[in-house]
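Chemist: Before anything else, here's the structure in question.
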Amino acid sequence: MGVTQGKEVINKMAKKKFYEFKNQTKDSLDIMLYGEIISGGLDSKWDSTDVTFQDFKNALDNLGNIKTVNIYINSPGGSVFATQGIIAMLQRIKDKGIIINSYIDGLGASCASILPMVSNNVYAYNSSILMVHKPMNIAMGNADDFKAQVELLDKIEDSVIIPLYMAKAKEGVTEEQIKTLMSNETWLDAKEMSNIFDITILEESKDLVACIDNENILKNYKNTPIKVKDFIGKENNIERKANNKLNELELAKAKLKLAAI
């Protein structure tokens, strides 16, 4: 692959939003947080049209007189540091009196399970799934480097993740119970998550929807339910077939143009 082709591929990936601001009125805003949460700053842009985490911050910093923010989550997780940044921004607007409602539309896994805990109210559906696990990182280096990574992950767990979970934990639920769930990489259905956390299960039904463009992220998890793997695999297979069909059509059009010359 040439430099130009490589840049085009990277551009396509960068422009893929993990969020979308919708239905903004003078009083409320909906944020669709679908897909893998990614990071990135202004210095990582190829051009001004690329979408990065900094753009999310800029958009959230310019809400005007919004009174309510509704966040709709369907994500396998992603960057814990980007998620920390989002949580910090949400906490700031919450401190200003803005009411934050989070809806777990389908999957709230990994760091996407801690993000809704900053909200005033958390809602889910009978088909929703919440997955909690210990923070992970890919480390390279010597023993000292690995030790530093372990210390960092423990600090993130104790100072960021556990406090957020406990803020929404039901009365009687202890930190030890939460840590056990995290150590076991636990996938919670609607009833289980509402027994542990202050999450309201909405009676209306909602179909599980795809939130992963690359199934490889599931390989980071040990206990992914078969139904989640099967669903994501089928959805991505349908998308691949559709893309292949579009490519075939484009190729056919190109051949017709050449034949007409």
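Going through the structure tokens in order, the chains are called A, B, and so on, while each chain numbers its residues from 1 and the ligands are numbered from 1 in the order shown.
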Could you produce a table of the residues of segment 87-180 of chain A lying within 10 Å of segment 56-61 of chain A, with the nearest pair of atoms per residue and their separation in Å rounded to one decimal, using only C-alpha atoms, ordered by chain and increasing residue number, as a Markdown table?

Modeler:
```
| residue | atom | partner | partner_atom | distance |
| --- | --- | --- | --- | --- |
| A:Met89 | CA | A:Lys57 | CA | 7.3 |
| A:Leu90 | CA | A:Leu60 | CA | 8.3 |
| A:Arg92 | CA | A:Asp61 | CA | 9.7 |
| A:Ile93 | CA | A:Leu60 | CA | 8.6 |
```

Chemist: What does the file look like for those residues with C-alpha atoms, as a JSON list (two decimals), in the first residue's frame?

Modeler:
```
[["chain", "number", "residue", "atom", "x", "y", "z"],
["A", 89, "MET", "CA", -16.53, 16.94, 30.85],
["A", 90, "LEU", "CA", -19.91, 15.47, 31.73],
["A", 92, "ARG", "CA", -18.46, 19.68, 34.73],
["A", 93, "ILE", "CA", -21.74, 20.31, 32.92]]
```

Chemist: I want to know what sits within 8 Å of Ser79 of chain A, based on only C-alpha atoms, with residues of the same chain fewer than 4 positions away left out; could you give that as an MDAnalysis selection string?

Modeler: chainID A and resid 37:39 83 111

Chemist: Take the residues just selected and output them with N, CA, C and O atoms as a PDB file, in the first residue's frame.

Modeler:
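Resulting contents of result-v8.pdb:
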```pdb
ATOM      1  N   ILE A  37     -14.972   3.770  21.567  1.00  0.00           N
ATOM      2  CA  ILE A  37     -14.568   5.099  22.019  1.00  0.00           C
ATOM      3  C   ILE A  37     -13.087   5.288  21.725  1.00  0.00           C
ATOM      4  O   ILE A  37     -12.250   4.517  22.198  1.00  0.00           O
ATOM      5  N   ILE A  38     -12.769   6.311  20.939  1.00  0.00           N
ATOM      6  CA  ILE A  38     -11.380   6.531  20.546  1.00  0.00           C
ATOM      7  C   ILE A  38     -10.885   7.866  21.081  1.00  0.00           C
ATOM      8  O   ILE A  38     -11.665   8.724  21.492  1.00  0.00           O
ATOM      9  N   SER A  39      -9.574   8.023  21.076  1.00  0.00           N
ATOM     10  CA  SER A  39      -8.989   9.288  21.520  1.00  0.00           C
ATOM     11  C   SER A  39      -8.426  10.006  20.312  1.00  0.00           C
ATOM     12  O   SER A  39      -8.731   9.675  19.177  1.00  0.00           O
ATOM     13  N   THR A  83     -12.366   7.944  27.703  1.00  0.00           N
ATOM     14  CA  THR A  83     -13.591   7.856  28.503  1.00  0.00           C
ATOM     15  C   THR A  83     -13.475   8.690  29.767  1.00  0.00           C
ATOM     16  O   THR A  83     -14.439   9.363  30.166  1.00  0.00           O
ATOM     17  N   CYS A 111     -15.096   0.304  29.412  1.00  0.00           N
ATOM     18  CA  CYS A 111     -15.204   1.690  29.863  1.00  0.00           C
ATOM     19  C   CYS A 111     -16.549   2.308  29.497  1.00  0.00           C
ATOM     20  O   CYS A 111     -16.933   3.334  30.065  1.00  0.00           O
TER      21      CYS A 111
END
```

Chemist: Which distance in Å separates atom CA of Val69 of chain A and atom CA of Asp158 of chain A, to one decimal?

Modeler: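 Value for the atom CA of Val69 of chain A-atom CA of Asp158 of chain A distance: 27.7 Å.
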
Chemist: With only C-alpha atoms as the counted atoms, please give the residues lying no more than 8 Å from Ile66 of chain A, apart from itself and same-chain residues fewer than 3 positions off, as a ChimeraX atom specification.

Modeler: /A:25-29,63,69,98

Chemist: Please extract the residues of segment 22-173 of chain A with a backbone DSSP assignment of alpha helix (DSSP H) and present them as a PyMOL selection string.

Modeler: chain A and resi 53-60+80-95+111-114+143-156+162-167

Chemist: Of the residues A:Val80, A:Leu202, A:Ile71, A:Met182, which is the one nearest to Ile156 of chain A, using only C-alpha atoms?

Modeler: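 The closest residue to Ile156 of chain A is A:Val80.
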
Chemist: Between atom CA of Ala112 of chain A and atom CA of Pro76 of chain A, measure the distance and give it in Å to one decimal.

Modeler: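 For atom CA of Ala112 of chain A relative to atom CA of Pro76 of chain A, the distance reads 6.7 Å.
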
Chemist: For a test of reading the model, state the distance in Å between atom CA of Leu33 of chain A and atom CA of Leu164 of chain A, rounded to one decimal.

Modeler: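 Those two atoms sit 18.6 Å apart.
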